[in-house]
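**Student:** One file: target23.txt (compact mmCIF, C-alpha atoms).
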```txt
# COMPACT_ATOMS: atom_id res chain seq x y z
CA MET V 1 -80.32 77.09 -13.13
CA LYS V 2 -77.28 78.88 -14.53
CA ARG V 3 -77.84 81.70 -12.07
CA PHE V 4 -77.96 79.16 -9.27
CA LEU V 5 -74.65 77.62 -10.32
CA VAL V 6 -73.07 81.06 -10.48
CA CYS V 7 -74.37 81.77 -6.96
CA VAL V 8 -72.91 78.49 -5.76
CA LEU V 9 -69.54 79.33 -7.32
CA VAL V 10 -69.53 82.86 -5.91
CA PHE V 11 -70.51 81.90 -2.34
CA ILE V 12 -69.32 78.36 -1.80
CA LEU V 13 -65.87 78.29 -3.42
CA PRO V 14 -64.44 81.23 -1.43
CA ALA V 15 -65.79 79.63 1.73
CA LEU V 16 -63.92 76.42 0.91
CA ALA V 17 -60.72 78.27 0.00
CA VAL V 18 -60.48 80.20 3.26
CA GLY V 19 -59.99 76.91 5.14
CA VAL V 20 -56.52 77.35 6.68
CA GLU V 21 -56.51 78.38 10.30
CA LEU V 22 -53.33 78.95 12.25
CA LYS V 23 -54.63 77.05 15.23
CA GLY V 24 -53.58 73.41 15.29
CA ASP V 25 -50.59 71.11 14.91
CA TRP V 26 -48.07 71.72 12.15
CA VAL V 27 -45.18 69.86 10.56
CA LEU V 28 -42.52 71.22 8.27
CA GLU V 29 -43.37 69.95 4.80
CA LYS V 30 -40.45 71.42 2.85
CA SER V 31 -37.81 74.06 3.35
CA LEU V 32 -34.98 75.97 1.79
CA ILE V 33 -32.61 77.54 4.27
CA SER V 34 -29.63 79.48 2.99
CA TYR V 35 -26.83 81.45 4.57
CA LYS V 36 -24.90 84.17 2.77
CA VAL V 37 -21.23 84.75 3.46
CA THR V 38 -19.73 88.00 2.23
CA HIS V 39 -16.05 88.61 1.58
CA PRO V 40 -14.63 91.65 -0.26
CA LEU V 41 -13.61 89.30 -3.09
CA HIS V 42 -16.71 87.13 -3.37
CA HIS V 43 -20.05 85.97 -1.99
CA VAL V 44 -20.93 82.44 -0.99
CA ILE V 45 -24.39 81.00 -0.49
CA GLY V 46 -24.86 77.72 1.35
CA LYS V 47 -28.20 75.94 1.13
CA THR V 48 -30.01 73.06 2.69
CA THR V 49 -33.41 71.47 2.21
CA GLU V 50 -33.06 68.99 5.07
CA ALA V 51 -34.66 70.94 7.90
CA ARG V 52 -37.36 69.27 9.96
CA GLY V 53 -39.82 70.91 12.25
CA LYS V 54 -42.99 70.70 14.29
CA GLY V 55 -45.18 73.27 15.87
CA ILE V 56 -48.34 73.97 17.78
CA CYS V 57 -50.58 77.00 17.47
CA THR V 58 -53.33 77.92 19.88
CA MET V 59 -55.77 80.77 19.37
CA ASP V 60 -53.16 83.44 20.06
CA HIS V 61 -49.86 81.71 20.49
CA GLY V 62 -47.50 79.66 18.34
CA GLN V 63 -44.49 77.57 19.30
CA PHE V 64 -42.35 75.77 16.77
CA LEU V 65 -39.16 73.75 16.81
CA VAL V 66 -36.97 73.44 13.71
CA GLY V 67 -33.81 71.37 13.39
CA VAL V 68 -31.19 71.50 10.64
CA PRO V 69 -28.10 69.26 10.42
CA VAL V 70 -25.01 71.45 10.07
CA LYS V 71 -23.44 69.05 7.58
CA SER V 72 -26.43 69.28 5.24
CA PHE V 73 -25.48 72.76 4.01
CA ASP V 74 -24.08 72.80 0.50
CA SER V 75 -22.15 75.86 -0.67
CA GLY V 76 -21.12 74.30 -3.98
CA ASP V 77 -17.63 73.50 -2.70
CA GLY V 78 -16.97 70.34 -0.71
CA ASP V 79 -13.82 71.64 0.98
CA ARG V 80 -15.54 74.85 2.02
CA ASP V 81 -18.41 72.86 3.54
CA THR V 82 -15.94 70.75 5.51
CA HIS V 83 -14.25 73.96 6.66
CA MET V 84 -17.63 75.35 7.71
CA LEU V 85 -18.25 72.13 9.66
CA GLN V 86 -14.92 72.62 11.43
CA ILE V 87 -15.30 76.27 12.42
CA THR V 88 -18.87 75.76 13.62
CA GLN V 89 -17.83 72.67 15.63
CA GLY V 90 -20.26 70.66 13.55
CA ALA V 91 -18.92 67.30 14.73
CA ASP V 92 -19.58 68.12 18.39
CA HIS V 93 -22.74 70.15 17.74
CA PRO V 94 -24.22 68.58 14.61
CA LEU V 95 -27.68 70.10 14.81
CA ILE V 96 -28.88 73.68 14.60
CA THR V 97 -32.15 74.13 16.43
CA VAL V 98 -34.44 77.11 16.18
CA VAL V 99 -37.31 77.67 18.55
CA ILE V 100 -39.93 80.04 17.23
CA ASP V 101 -42.31 81.63 19.67
CA PHE V 102 -44.93 84.17 18.69
CA LYS V 103 -48.24 85.68 19.65
CA THR V 104 -50.91 86.59 17.15
CA ARG V 105 -54.14 88.52 17.37
CA ALA V 106 -55.54 86.98 14.19
CA LYS V 107 -58.82 85.40 15.17
CA LYS V 108 -59.39 83.82 11.78
CA GLY V 109 -57.22 82.60 8.96
CA VAL V 110 -53.49 83.18 8.70
CA PRO V 111 -51.98 86.62 9.44
CA ASP V 112 -49.77 88.23 6.78
CA LYS V 113 -46.92 88.42 9.24
CA VAL V 114 -46.12 87.90 12.89
CA LEU V 115 -43.26 89.04 15.11
CA ALA V 116 -41.56 86.02 16.61
CA ASP V 117 -38.87 85.48 19.21
CA LEU V 118 -36.29 83.06 17.88
CA THR V 119 -33.92 81.05 20.03
CA VAL V 120 -31.11 79.59 17.96
CA GLN V 121 -28.82 76.84 19.25
CA PHE V 122 -25.78 76.58 17.04
CA ALA V 123 -22.09 75.77 17.51
CA GLY V 124 -22.64 75.12 21.20
CA LYS V 125 -24.13 78.55 21.89
CA THR V 126 -27.69 79.73 22.39
CA VAL V 127 -28.68 83.12 21.04
CA LYS V 128 -32.07 84.82 21.12
CA TYR V 129 -33.25 86.93 18.20
CA PRO V 130 -36.33 88.85 19.35
CA GLN V 131 -39.03 90.30 17.12
CA ILE V 132 -38.09 88.62 13.85
CA THR V 133 -40.72 89.12 11.16
CA LEU V 134 -42.25 85.91 9.85
CA LYS V 135 -44.18 86.44 6.64
CA MET V 136 -47.03 84.00 6.13
CA VAL V 137 -48.87 83.05 2.97
CA PRO V 138 -51.68 80.48 3.08
CA LEU V 139 -51.37 77.79 0.39
CA GLU V 140 -53.65 75.05 -0.87
CA GLY V 141 -54.06 71.86 1.09
CA SER V 142 -53.87 73.25 4.63
CA GLN V 143 -50.36 74.56 4.03
CA VAL V 144 -48.74 77.85 4.93
CA GLN V 145 -45.57 79.29 3.52
CA VAL V 146 -43.45 81.04 6.15
CA THR V 147 -40.43 83.13 5.22
CA ALA V 148 -38.00 85.01 7.42
CA LEU V 149 -34.59 86.57 7.47
CA ILE V 150 -32.47 85.87 10.53
CA PRO V 151 -29.66 88.44 11.06
CA LEU V 152 -27.14 85.89 12.26
CA SER V 153 -23.79 87.12 13.48
CA LEU V 154 -20.67 84.96 13.81
CA LYS V 155 -19.61 86.82 16.96
CA ASP V 156 -22.86 85.81 18.65
CA PHE V 157 -21.83 82.18 18.34
CA ALA V 158 -18.11 82.76 19.06
CA ILE V 159 -17.21 81.59 15.55
CA THR V 160 -13.87 82.80 14.24
CA PRO V 161 -14.53 84.17 10.75
CA PRO V 162 -12.56 82.29 8.08
CA SER V 163 -10.29 84.46 5.99
CA LEU V 164 -9.04 84.60 2.44
CA LEU V 165 -5.68 86.29 1.76
CA GLY V 166 -5.69 87.53 5.34
CA VAL V 167 -9.06 89.27 4.99
CA PRO V 168 -11.83 87.71 7.09
CA ILE V 169 -15.42 87.34 5.91
CA ASN V 170 -18.06 89.76 7.20
CA ASP V 171 -19.33 89.01 10.67
CA SER V 172 -22.91 89.27 9.45
CA VAL V 173 -24.17 86.04 7.86
CA PRO V 174 -27.86 86.55 7.13
CA VAL V 175 -29.91 83.38 6.99
CA GLN V 176 -32.88 83.29 4.64
CA VAL V 177 -35.60 80.84 5.66
CA ASP V 178 -38.29 79.70 3.26
CA THR V 179 -40.51 77.00 4.71
CA THR V 180 -43.82 75.35 3.93
CA TRP V 181 -45.77 74.02 6.90
CA LYS V 182 -48.60 71.53 6.71
CA LYS V 183 -51.39 71.21 9.21
CA VAL V 184 -51.78 67.74 10.67
CA THR V 185 -54.45 66.17 12.82
CA SER V 186 -51.89 64.72 15.21
CA PHE V 187 -48.16 64.13 15.42
CA ASP V 188 -47.57 60.54 14.35
CA ALA V 189 -44.04 60.61 15.68
CA LYS V 190 -45.18 61.44 19.19
CA MET J 1 -87.62 77.27 -8.84
CA LYS J 2 -86.05 80.42 -7.40
CA ILE J 3 -87.04 79.47 -3.87
CA ARG J 4 -85.66 75.95 -4.31
CA SER J 5 -82.39 77.36 -5.60
CA PHE J 6 -82.26 79.77 -2.69
CA LEU J 7 -82.88 76.95 -0.19
CA ILE J 8 -80.13 74.80 -1.70
CA LEU J 9 -77.77 77.74 -1.52
CA ILE J 10 -78.67 78.29 2.13
CA VAL J 11 -78.02 74.62 2.89
CA PHE J 12 -74.57 74.85 1.28
CA LEU J 13 -73.68 78.04 3.11
CA VAL J 14 -74.83 76.75 6.47
CA GLY J 15 -72.82 73.59 5.89
CA ALA J 16 -69.72 75.63 5.13
CA ILE J 17 -70.21 77.87 8.16
CA ARG J 18 -70.83 74.87 10.43
CA SER J 19 -67.66 73.14 9.33
CA GLU J 20 -65.74 76.35 10.14
CA ALA J 21 -67.52 76.65 13.49
CA GLN J 22 -66.51 73.07 14.33
CA GLU J 23 -62.92 73.96 13.57
CA LEU J 24 -63.11 76.87 16.00
CA GLU J 25 -64.37 74.56 18.72
CA LEU J 26 -61.07 72.69 18.91
CA PRO J 27 -59.87 72.45 22.48
CA ASP J 28 -57.44 75.14 23.46
CA TYR J 29 -54.24 73.66 24.83
CA GLN J 30 -51.01 75.12 26.07
CA PRO J 31 -47.98 73.65 24.31
CA THR J 32 -44.78 73.17 26.17
CA LEU J 33 -41.56 73.06 24.27
CA VAL J 34 -38.47 71.52 25.78
CA LEU J 35 -35.75 72.63 23.48
CA ALA J 36 -32.63 70.96 22.23
CA ASP J 37 -32.87 68.32 24.90
CA ALA J 38 -33.08 64.93 23.29
CA ASP J 39 -33.34 63.14 26.63
CA THR J 40 -36.58 64.70 27.70
CA SER J 41 -39.32 62.30 28.63
CA ASP J 42 -42.17 64.78 28.97
CA SER J 43 -44.81 63.52 26.59
CA SER J 44 -46.46 66.93 26.28
CA SER J 45 -43.40 68.67 24.87
CA PHE J 46 -41.29 68.70 21.73
CA SER J 47 -37.71 67.68 21.78
CA VAL J 48 -35.08 67.27 19.13
CA SER J 49 -35.77 63.54 19.08
CA ASP J 50 -39.33 64.30 17.93
CA LEU J 51 -37.92 65.68 14.70
CA GLY J 52 -36.85 62.18 13.67
CA PHE J 53 -33.21 62.75 12.80
CA THR J 54 -31.16 59.56 12.76
CA GLN J 55 -27.57 59.20 13.87
CA ALA J 56 -26.55 59.03 10.20
CA ASP J 57 -28.32 62.34 9.49
CA LEU J 58 -26.21 64.09 12.09
CA GLN J 59 -22.93 62.25 12.49
CA SER J 60 -19.93 63.83 10.83
CA ASP J 61 -17.45 61.67 8.92
CA LEU J 62 -14.66 63.21 10.96
CA SER J 63 -14.43 63.93 14.67
CA GLN J 64 -13.95 67.53 15.75
CA LYS J 65 -10.31 66.72 16.55
CA ASP J 66 -9.77 65.38 13.02
CA LEU J 67 -11.56 68.39 11.54
CA ASN J 68 -9.26 70.69 13.50
CA THR J 69 -6.18 68.72 12.44
CA ARG J 70 -7.34 68.83 8.83
CA GLU J 71 -7.88 72.58 9.07
CA ASP J 72 -4.40 73.15 10.54
CA MET J 73 -2.78 71.01 7.86
CA LEU J 74 -4.68 72.71 5.03
CA LYS J 75 -3.70 76.11 6.39
CA ILE J 76 -0.03 75.09 6.21
CA HIS J 77 -0.74 73.67 2.74
CA GLN J 78 -2.14 77.04 1.66
CA ILE J 79 0.74 79.08 3.06
CA LEU J 80 3.42 76.77 1.65
CA GLY J 81 1.53 76.71 -1.65
CA VAL J 82 1.82 80.49 -2.00
CA VAL J 83 5.45 80.41 -0.83
CA THR J 84 6.29 77.70 -3.40
CA ALA J 85 4.93 79.84 -6.22
CA VAL J 86 7.74 82.37 -5.70
CA PRO J 87 10.71 80.03 -6.34
CA MET J 88 8.70 78.27 -9.05
CA TRP J 89 8.27 81.46 -11.09
CA THR J 90 11.84 82.52 -10.35
CA GLU J 91 13.00 79.10 -11.52
CA PHE J 92 10.92 79.46 -14.67
CA VAL J 93 12.49 82.83 -15.55
CA LEU J 94 15.93 81.53 -14.60
CA GLY J 95 15.29 78.53 -16.86
CA LEU J 96 14.75 80.84 -19.85
CA THR J 97 18.06 82.61 -19.10
CA THR J 98 19.89 79.32 -18.57
CA ALA J 99 18.52 77.92 -21.85
CA SER J 100 19.79 81.02 -23.63
CA ASN J 101 23.24 80.67 -21.99
CA VAL J 102 23.46 76.94 -22.81
CA SER J 103 22.56 77.59 -26.44
CA ASN J 104 25.47 80.09 -26.47
CA GLY J 105 27.89 77.40 -25.26
CA SER J 106 27.71 77.74 -21.45
CA THR J 107 27.73 74.55 -19.36
CA ASP J 108 26.92 76.15 -16.02
CA THR J 109 23.40 75.17 -14.92
CA THR J 110 24.15 74.99 -11.19
CA LEU J 111 21.89 77.81 -10.05
CA HIS J 112 18.96 76.57 -12.16
CA THR J 113 19.43 73.03 -10.87
CA THR J 114 19.75 74.08 -7.22
CA LEU J 115 16.70 76.31 -7.31
CA GLY J 116 14.80 73.58 -9.16
CA LEU J 117 15.55 71.06 -6.42
CA ALA J 118 14.55 73.59 -3.75
CA THR J 119 11.28 74.27 -5.59
CA ALA J 120 10.56 70.55 -5.90
CA ALA J 121 11.27 70.03 -2.19
CA LEU J 122 8.91 72.85 -1.26
CA TYR J 123 6.28 71.58 -3.70
CA PHE J 124 6.24 68.04 -2.31
CA THR J 125 6.24 69.32 1.26
CA THR J 126 3.21 71.46 0.35
CA ALA J 127 1.49 68.50 -1.31
CA SER J 128 2.13 66.20 1.66
CA PHE J 129 0.15 68.48 3.99
CA GLU J 130 -2.91 67.97 1.78
CA MET J 131 -2.29 64.30 1.06
CA PHE J 132 -1.93 63.30 4.70
CA ALA J 133 -4.67 65.55 6.12
CA PRO J 134 -7.71 63.64 7.48
CA LYS J 135 -10.42 63.51 4.82
CA PRO J 136 -14.20 63.08 5.08
CA LYS J 137 -15.19 59.74 3.55
CA ASN J 138 -18.39 60.76 1.86
CA LYS J 139 -17.56 64.27 0.79
CA LYS J 140 -17.17 64.68 -2.94
CA LYS J 141 -14.80 67.27 -4.31
CA SER J 142 -16.85 69.98 -5.92
CA GLY J 143 -16.60 73.63 -6.87
CA ASN J 144 -13.26 75.41 -6.78
CA SER J 145 -11.65 72.81 -4.55
CA GLY J 146 -12.65 70.20 -7.17
CA ILE J 147 -10.87 72.25 -9.86
CA HIS J 148 -7.90 72.67 -7.51
CA GLU J 149 -7.65 68.90 -7.12
CA THR J 150 -8.11 68.22 -10.84
CA LEU J 151 -5.25 70.61 -11.62
CA SER J 152 -3.05 68.71 -9.18
CA TRP J 153 -3.35 65.69 -11.50
CA ILE J 154 -1.59 67.87 -14.09
CA HIS J 155 1.06 69.66 -12.07
CA PHE J 156 1.96 66.78 -9.73
CA PRO J 157 3.28 64.45 -12.49
CA LEU J 158 4.84 67.45 -14.23
CA MET J 159 6.71 68.27 -11.02
CA ILE J 160 8.30 64.81 -11.31
CA VAL J 161 8.90 64.78 -15.06
CA VAL J 162 10.29 68.32 -15.49
CA PRO J 163 13.20 67.92 -12.99
CA LEU J 164 13.99 64.48 -14.45
CA LEU J 165 14.24 66.01 -17.91
CA GLY J 166 16.44 68.75 -16.45
CA ASP J 167 18.68 66.10 -14.89
CA MET J 168 18.94 64.28 -18.24
CA MET J 169 19.94 67.57 -19.90
CA ASN J 170 22.53 68.26 -17.21
CA ASP J 171 24.12 64.87 -17.90
CA ARG J 172 24.23 65.55 -21.63
CA ILE J 173 25.63 69.05 -21.12
CA ALA J 174 28.29 67.67 -18.75
CA ASN J 175 29.22 64.95 -21.26
CA ASN J 176 29.11 67.36 -24.25
CA GLN J 177 26.35 65.28 -25.90
CA PRO J 178 23.74 66.76 -28.24
CA LEU J 179 20.57 67.85 -26.40
CA GLY J 180 18.15 67.14 -29.27
CA ASN J 181 14.57 68.10 -28.46
CA LEU J 182 15.06 67.91 -24.70
CA PRO J 183 15.30 71.68 -24.09
CA ALA J 184 12.07 72.30 -26.02
CA VAL J 185 10.18 69.49 -24.23
CA HIS J 186 11.60 70.60 -20.86
CA GLY J 187 10.52 74.19 -21.59
CA VAL J 188 6.99 73.30 -22.73
CA LEU J 189 6.37 71.00 -19.77
CA ALA J 190 7.82 73.56 -17.34
CA THR J 191 5.46 76.18 -18.78
CA ALA J 192 2.52 73.81 -18.34
CA LEU J 193 3.67 73.13 -14.78
CA VAL J 194 3.92 76.80 -13.82
CA LEU J 195 0.59 77.71 -15.42
CA SER J 196 -1.38 74.78 -13.96
CA TYR J 197 0.15 75.38 -10.53
CA THR J 198 -0.61 79.10 -10.60
CA THR J 199 -4.18 78.44 -11.77
CA SER J 200 -4.71 75.94 -8.96
CA LEU J 201 -3.54 78.61 -6.51
CA MET J 202 -5.88 81.22 -7.92
CA VAL J 203 -9.04 79.12 -7.86
CA ILE J 204 -8.82 78.25 -4.22
CA THR J 205 -10.84 80.24 -1.71
CA PHE J 206 -11.30 79.92 2.00
```
Rewrite the structure from the file as structure tokens, please.
**Tutor:**
Amino acid sequence: MKRFLVCVLVFILPALAVGVELKGDWVLEKSLISYKVTHPLHHVIGKTTEARGKGICTMDHGQFLVGVPVKSFDSGDGDRDTHMLQITQGADHPLITVVIDFKTRAKKGVPDKVLADLTVQFAGKTVKYPQITLKMVPLEGSQVQVTALIPLSLKDFAITPPSLLGVPINDSVPVQVDTTWKKVTSFDAK
Amino acid sequence: MKIRSFLILIVFLVGAIRSEAQELELPDYQPTLVLADADTSDSSSFSVSDLGFTQADLQSDLSQKDLNTREDMLKIHQILGVVTAVPMWTEFVLGLTTASNVSNGSTDTTLHTTLGLATAALYFTTASFEMFAPKPKNKKKSGNSGIHETLSWIHFPLMIVVPLLGDMMNDRIANNQPLGNLPAVHGVLATALVLSYTTSLMVITF
């Protein structure tokens, strides 16, 4: 009987654990999105956890939409955040949207990474970032963690870099994305 | 017993495989995304409105025009703030010299008084550009700008008290009255003013 239970544990449990398939409908469960501003005198990191998103995956194709309110970013300084809102025209364009589009050859389970084309709408401009690596890690409960680094540039969005003592910040403002997506049977909101 | 165990195992495995096979049989559909267009009515596509953001989630406390005005005013505040530091430190050093001269019997404090008034005028002009700039209602002061504002609660009243004490001393010097502790108090408060002001300049970033 003990041998039987061992067999059950060895064969059945892995079969149950493998459950997550990319194919299906997904909603953004939680997220941490942060931008990093670099100036010769200091670094600033602004974070938000208020992103929302939905996506659909077929057998070989995934399309996702993520939205983040500009004003939700917190850099640890209220005045700086208001300044960020001003230079990014956050009052007129309050939402950053990111469309993620990728193809995958993974027939089963979740691939370790995929190359996705990102279309970012921000500060009234639309910029495409092709072939961005999305790293994927399957989690418990039909969830997948997706991380990415978006090489955002201020010039791309016609944003004038703010300056300190006459020295502007670096044009490159990399955005680190750490998201957890949950598979759903259907979109309730739709 | 072995056969029965084997059969049960087979049943479990087949069950697991079947459930996976059912998952693979999901209908294949082609999603259509309509992006960043909240007015879309196509039921088969995502739009920003599907994400469920409310007006309150997105609306800024200030309009873009007010944000721009605020930014312009704070830029002037920053520039004037740095400019004001120059006469303030000069006035501080001049104050030490004037105190020394007065203790040696001089009654001429004109230069110190004039530069003091000019510094005060510059200071309050600088402050007004921050005080009258449009402010977000729900934004709390935090980080370095929070420290900057806290320090203003020290140097702003000092900027009123220190010149008043200087004026009182001028009257006493002009009337040949004893100064008592006034020079010491004036000096200590002026030092606190210069240090708190300089610190509030140094903590601010873009």
**Student:** Here is a test: counting all atoms listed in the file, which residue of V:Pro111, V:Pro162, V:Gly46, V:Pro138 is nearest to chain J?
**Tutor:**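 Of V:Pro111, V:Pro162, V:Gly46, V:Pro138, the one nearest chain J, counting all atoms listed in the file, is V:Pro162.
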**Student:** Pull out every residue of chain J that has at least one atom within 6 Å of chain V, counting all atoms listed in the file, and report them as a list in words.
**Tutor:**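 Only these qualify: Leu51, Leu58, Ser60, Ser63, Gln64, Leu67, Lys141, Ser142, Gly143 and Phe206 of chain J.
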**Student:** Could you check how far CA of Ser172 in chain V sits from CA of Asn144 in chain J, in Å to one decimal?
**Tutor:**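 Between CA of Ser172 in chain V and CA of Asn144 in chain J the gap works out to 23.4 Å.
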**Student:** Calculate how many Å separate CA of Ile132 in chain V from CA of Lys113 in chain V, rounding to one decimal.
**Tutor:**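 A separation of 10.0 Å between them.
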**Student:** Write out as a list of chain:residue names which residues come within 10 Å of range 94-105 of chain J when counting only C-alpha atoms, dropping same-chain ones fewer than 4 positions away.
**Tutor:** J:Pro87, J:Met88, J:Trp89, J:Thr90, J:Thr109, J:Thr110, J:Leu111, J:His112, J:Thr113, J:Leu115, J:Gly116, J:Gly166, J:Ile173, J:Leu179, J:Pro183, J:Ala184, J:His186, J:Gly187, J:Ala190
**Student:** Using all atoms listed in the file, pick whichever of J:Asn138, J:Ser145, J:Ser152, J:Ser49 has the shortest atom-to-atom distance to Leu62 in chain J.
**Tutor:**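 The answer is J:Asn138, which sits nearest to Leu62 in chain J.
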**Student:** Taking all atoms listed in the file into account, name the residue in V:Ile100, V:Val144, V:Val127, V:Val37 that is nearest to Asp112 in chain V.
**Tutor:** V:Val144
**Student:** If I take CA of Glu29 in chain V and CA of Thr48 in chain V, how far is one from the other in Å, to one decimal?
**Tutor:** 13.9 Å
**Student:** Residues near range 154-165 of chain J, anyone? I mean within 10 Å using all atoms listed in the file, not counting same-chain ones fewer than 2 positions away, as a ChimeraX atom specification.
**Tutor:** /J:113,116-117,119-120,123-124,127,149-152,167-171,182-183,185-198,200
**Student:** Skip range 130-133 of chain J itself and residues of its chain fewer than 4 positions away, then list as a ChimeraX atom specification all residues within 8 Å of it, counting all atoms listed in the file.
**Tutor:** /J:69-70,73-74,77,126
**Student:** So for range 91-99 of chain J, what box centre and size do we get, axis-aligned, 8 Å extra on each of the six sides, every listed atom, Å to one decimal, as AutoDock Vina command-line options?
**Tutor:**
```
--center_x 15.4 --center_y 80.4 --center_z -16.7 --size_x 25.0 --size_y 20.9 --size_z 26.3
```
**Student:** Is it possible to add all heavy atoms to range 36-43 of chain V and hand it back as a PDB file, in the frame of the given file?
**Tutor:**
```
ATOM      1  N   LYS V  36     -25.702  83.420   3.735  1.00  0.00           N
ATOM      2  CA  LYS V  36     -24.900  84.170   2.770  1.00  0.00           C
ATOM      3  C   LYS V  36     -23.646  84.714   3.456  1.00  0.00           C
ATOM      4  O   LYS V  36     -23.733  85.457   4.427  1.00  0.00           O
ATOM      5  CB  LYS V  36     -25.719  85.323   2.181  1.00  0.00           C
ATOM      6  CG  LYS V  36     -24.988  86.049   1.074  1.00  0.00           C
ATOM      7  CD  LYS V  36     -25.847  87.137   0.480  1.00  0.00           C
ATOM      8  CE  LYS V  36     -25.101  87.854  -0.638  1.00  0.00           C
ATOM      9  NZ  LYS V  36     -25.874  88.974  -1.191  1.00  0.00           N
ATOM     10  N   VAL V  37     -22.509  84.288   2.932  1.00  0.00           N
ATOM     11  CA  VAL V  37     -21.230  84.750   3.460  1.00  0.00           C
ATOM     12  C   VAL V  37     -20.675  85.801   2.495  1.00  0.00           C
ATOM     13  O   VAL V  37     -20.686  85.611   1.291  1.00  0.00           O
ATOM     14  CB  VAL V  37     -20.246  83.546   3.552  1.00  0.00           C
ATOM     15  CG1 VAL V  37     -18.815  84.024   3.694  1.00  0.00           C
ATOM     16  CG2 VAL V  37     -20.625  82.639   4.708  1.00  0.00           C
ATOM     17  N   THR V  38     -20.235  86.918   3.067  1.00  0.00           N
ATOM     18  CA  THR V  38     -19.730  88.000   2.230  1.00  0.00           C
ATOM     19  C   THR V  38     -18.256  88.270   2.538  1.00  0.00           C
ATOM     20  O   THR V  38     -17.878  88.437   3.703  1.00  0.00           O
ATOM     21  CB  THR V  38     -20.541  89.292   2.467  1.00  0.00           C
ATOM     22  OG1 THR V  38     -21.921  88.977   2.318  1.00  0.00           O
ATOM     23  CG2 THR V  38     -20.168  90.367   1.458  1.00  0.00           C
ATOM     24  N   HIS V  39     -17.475  88.283   1.499  1.00  0.00           N
ATOM     25  CA  HIS V  39     -16.050  88.610   1.580  1.00  0.00           C
ATOM     26  C   HIS V  39     -15.806  89.679   0.511  1.00  0.00           C
ATOM     27  O   HIS V  39     -16.503  89.682  -0.515  1.00  0.00           O
ATOM     28  CB  HIS V  39     -15.226  87.345   1.285  1.00  0.00           C
ATOM     29  CG  HIS V  39     -13.748  87.540   1.422  1.00  0.00           C
ATOM     30  ND1 HIS V  39     -12.949  87.978   0.388  1.00  0.00           N
ATOM     31  CD2 HIS V  39     -12.914  87.366   2.486  1.00  0.00           C
ATOM     32  CE1 HIS V  39     -11.694  88.051   0.810  1.00  0.00           C
ATOM     33  NE2 HIS V  39     -11.643  87.685   2.082  1.00  0.00           N
ATOM     34  N   PRO V  40     -14.874  90.611   0.759  1.00  0.00           N
ATOM     35  CA  PRO V  40     -14.630  91.650  -0.260  1.00  0.00           C
ATOM     36  C   PRO V  40     -14.397  91.093  -1.663  1.00  0.00           C
ATOM     37  O   PRO V  40     -14.695  91.768  -2.651  1.00  0.00           O
ATOM     38  CB  PRO V  40     -13.375  92.353   0.258  1.00  0.00           C
ATOM     39  CG  PRO V  40     -13.412  92.156   1.740  1.00  0.00           C
ATOM     40  CD  PRO V  40     -14.054  90.836   1.971  1.00  0.00           C
ATOM     41  N   LEU V  41     -13.895  89.858  -1.757  1.00  0.00           N
ATOM     42  CA  LEU V  41     -13.610  89.300  -3.090  1.00  0.00           C
ATOM     43  C   LEU V  41     -14.738  88.469  -3.672  1.00  0.00           C
ATOM     44  O   LEU V  41     -14.779  88.229  -4.875  1.00  0.00           O
ATOM     45  CB  LEU V  41     -12.329  88.451  -3.039  1.00  0.00           C
ATOM     46  CG  LEU V  41     -11.034  89.199  -2.718  1.00  0.00           C
ATOM     47  CD1 LEU V  41      -9.853  88.231  -2.689  1.00  0.00           C
ATOM     48  CD2 LEU V  41     -10.767  90.287  -3.761  1.00  0.00           C
ATOM     49  N   HIS V  42     -15.616  87.971  -2.839  1.00  0.00           N
ATOM     50  CA  HIS V  42     -16.710  87.130  -3.370  1.00  0.00           C
ATOM     51  C   HIS V  42     -17.816  86.892  -2.336  1.00  0.00           C
ATOM     52  O   HIS V  42     -17.656  87.208  -1.155  1.00  0.00           O
ATOM     53  CB  HIS V  42     -16.174  85.796  -3.903  1.00  0.00           C
ATOM     54  CG  HIS V  42     -15.619  84.893  -2.846  1.00  0.00           C
ATOM     55  ND1 HIS V  42     -15.588  83.542  -2.963  1.00  0.00           N
ATOM     56  CD2 HIS V  42     -15.074  85.151  -1.640  1.00  0.00           C
ATOM     57  CE1 HIS V  42     -15.054  83.005  -1.897  1.00  0.00           C
ATOM     58  NE2 HIS V  42     -14.725  83.969  -1.081  1.00  0.00           N
ATOM     59  N   HIS V  43     -18.921  86.359  -2.848  1.00  0.00           N
ATOM     60  CA  HIS V  43     -20.050  85.970  -1.990  1.00  0.00           C
ATOM     61  C   HIS V  43     -20.206  84.449  -2.077  1.00  0.00           C
ATOM     62  O   HIS V  43     -19.931  83.861  -3.108  1.00  0.00           O
ATOM     63  CB  HIS V  43     -21.353  86.586  -2.477  1.00  0.00           C
ATOM     64  CG  HIS V  43     -21.347  88.077  -2.467  1.00  0.00           C
ATOM     65  ND1 HIS V  43     -21.369  88.812  -1.310  1.00  0.00           N
ATOM     66  CD2 HIS V  43     -21.306  88.974  -3.473  1.00  0.00           C
ATOM     67  CE1 HIS V  43     -21.347  90.097  -1.603  1.00  0.00           C
ATOM     68  NE2 HIS V  43     -21.301  90.230  -2.918  1.00  0.00           N
TER      69      HIS V  43
END
```
